[in-house]
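Next comes input.pdb, a file with PDB, C-alpha atoms and all ligand atoms.
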ATOM      1  CA  MET A 253      29.280  -2.892 -11.369  1.00  0.00           C
ATOM      2  CA  PRO A 254      27.719  -0.055  -9.349  1.00  0.00           C
ATOM      3  CA  ARG A 255      29.269   0.837  -6.066  1.00  0.00           C
ATOM      4  CA  ARG A 256      27.073   1.393  -3.011  1.00  0.00           C
ATOM      5  CA  GLU A 257      27.302   5.165  -3.228  1.00  0.00           C
ATOM      6  CA  ASP A 258      26.041   4.906  -6.809  1.00  0.00           C
ATOM      7  CA  ALA A 259      22.796   3.172  -5.736  1.00  0.00           C
ATOM      8  CA  PRO A 260      21.493   4.932  -2.631  1.00  0.00           C
ATOM      9  CA  TYR A 261      17.974   3.658  -3.209  1.00  0.00           C
ATOM     10  CA  ARG A 262      18.761  -0.034  -3.544  1.00  0.00           C
ATOM     11  CA  PRO A 263      17.027  -2.259  -4.336  1.00  0.00           C
ATOM     12  CA  PHE A 264      15.333   0.504  -6.319  1.00  0.00           C
ATOM     13  CA  CYS A 265      16.973   2.324  -9.190  1.00  0.00           C
ATOM     14  CA  SER A 266      15.927   5.758  -7.950  1.00  0.00           C
ATOM     15  CA  TYR A 267      14.103   7.705  -5.270  1.00  0.00           C
ATOM     16  CA  ARG A 268      11.094   7.897  -7.582  1.00  0.00           C
ATOM     17  CA  CYS A 269      10.920   4.108  -8.014  1.00  0.00           C
ATOM     18  CA  LYS A 270      11.345   3.640  -4.283  1.00  0.00           C
ATOM     19  CA  MET A 271       8.449   5.957  -3.485  1.00  0.00           C
ATOM     20  CA  ILE A 272       6.208   4.362  -6.114  1.00  0.00           C
ATOM     21  CA  ASP A 273       6.802   0.949  -4.554  1.00  0.00           C
ATOM     22  CA  LEU A 274       6.269   2.283  -1.034  1.00  0.00           C
ATOM     23  CA  HIS A 275       2.998   3.908  -2.060  1.00  0.00           C
ATOM     24  CA  LYS A 276       1.801   0.625  -3.514  1.00  0.00           C
ATOM     25  CA  TRP A 277       2.827  -1.203  -0.351  1.00  0.00           C
ATOM     26  CA  PHE A 278       1.155   1.277   1.980  1.00  0.00           C
ATOM     27  CA  ASP A 279      -1.983   1.327  -0.135  1.00  0.00           C
ATOM     28  CA  GLU A 280      -2.212  -2.440   0.123  1.00  0.00           C
ATOM     29  CA  GLN A 281      -1.647  -2.351   3.872  1.00  0.00           C
ATOM     30  CA  TYR A 282      -4.262   0.342   4.276  1.00  0.00           C
ATOM     31  CA  ARG A 283      -6.889  -1.653   2.407  1.00  0.00           C
ATOM     32  CA  ILE A 284      -6.393  -4.888   4.352  1.00  0.00           C
ATOM     33  CA  SER A 285      -5.990  -3.307   7.780  1.00  0.00           C
ATOM     34  CA  GLU A 286      -8.776  -2.823  10.290  1.00  0.00           C
ATOM     35  CA  PRO A 287     -10.322   0.667  10.495  1.00  0.00           C
ATOM     36  CA  LEU A 288      -9.132   1.092  14.074  1.00  0.00           C
ATOM     37  CA  ASP A 289     -10.025   4.755  14.343  1.00  0.00           C
ATOM     38  CA  ALA A 290     -13.318   4.565  12.444  1.00  0.00           C
ATOM     39  CA  PRO A 291     -16.361   5.829  14.316  1.00  0.00           C
ATOM     40  CA  ALA A 292     -18.564   2.981  15.512  1.00  0.00           C
ATOM     41  CA  ASP A 293     -21.669   4.755  14.265  1.00  0.00           C
ATOM     42  CA  THR A 294     -20.494   4.901  10.652  1.00  0.00           C
ATOM     43  CA  PRO A 295     -21.897   1.860   8.816  1.00  0.00           C
ATOM     44  CA  ASP A 296     -20.209   2.987   5.577  1.00  0.00           C
ATOM     45  CA  SER A 297     -16.786   2.309   7.090  1.00  0.00           C
ATOM     46  CA  ALA A 298     -17.259  -1.396   6.477  1.00  0.00           C
ATOM     47  CA  PRO A 299     -16.390  -2.651   2.983  1.00  0.00           C
ATOM     48  CA  PRO A 300     -19.300  -4.089   0.991  1.00  0.00           C
ATOM     49  CA  PRO A 301     -19.512  -7.885   0.874  1.00  0.00           C
ATOM     50  CA  ARG A 302     -17.989  -9.327  -2.271  1.00  0.00           C
ATOM     51  CA  ASP A 303     -20.256 -11.053  -4.712  1.00  0.00           C
ATOM     52  CA  PRO A 304     -18.749 -14.493  -5.414  1.00  0.00           C
ATOM     53  CA  ASP A 305     -20.392 -14.506  -8.834  1.00  0.00           C
ATOM     54  CA  GLU A 306     -18.493 -11.385  -9.939  1.00  0.00           C
ATOM     55  CA  GLU A 307     -15.210 -13.232 -10.127  1.00  0.00           C
TER      56      GLU A 307
HETATM   57 ZN    ZN B   1      13.199   1.977 -11.399  1.00  0.00          ZN
END
Show me, as structure tokens, the structure contained in the file I just sent.
Amino acid sequence: MPRREDAPYRPFCSYRCKMIDLHKWFDEQYRISEPLDAPADTPDSAPPPRDPDEE
């Protein structure tokens, strides 16, 4: 049974696993968040509409 000082990155097994999970989490947040600081005159900042037939 690991003691607390043996698992500093709980619930992750290591710093590497923790960072991998954080990167995935931040990437997801970034994609679903509003482009608050995007210039208003940049039409490309909006994601393309999804084609319902593609899925
Ligand atoms: Zn791991």
- Please identify the residues whose atoms come within 7 Å of ligand ZN 1 (chain B), using all atoms listed in the file, and report them as a PyMOL selection string. chain A and resi 264-266+269
- Provide the atom CA of A:Tyr261 to atom CA of A:Tyr282 distance in Å, to one decimal place. 23.7 Å
Grab all the atoms of stretch 258-271 of chain A that the file lists, wrap them in a box along x, y and z, add 8 Å per side, and give me centre plus edge lengths in Å (one decimal) as JSON.
{"center_x": 17.2, "center_y": 2.8, "center_z": -5.9, "size_x": 33.6, "size_y": 26.2, "size_z": 22.6}
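We find atom CA of A:Pro299 and atom CA of A:Met271 to be spaced 27.1 Å apart.
The gap separating atom CA of A:Asp305 from atom CA of A:Asp279 is 25.8 Å, in Å to one decimal.
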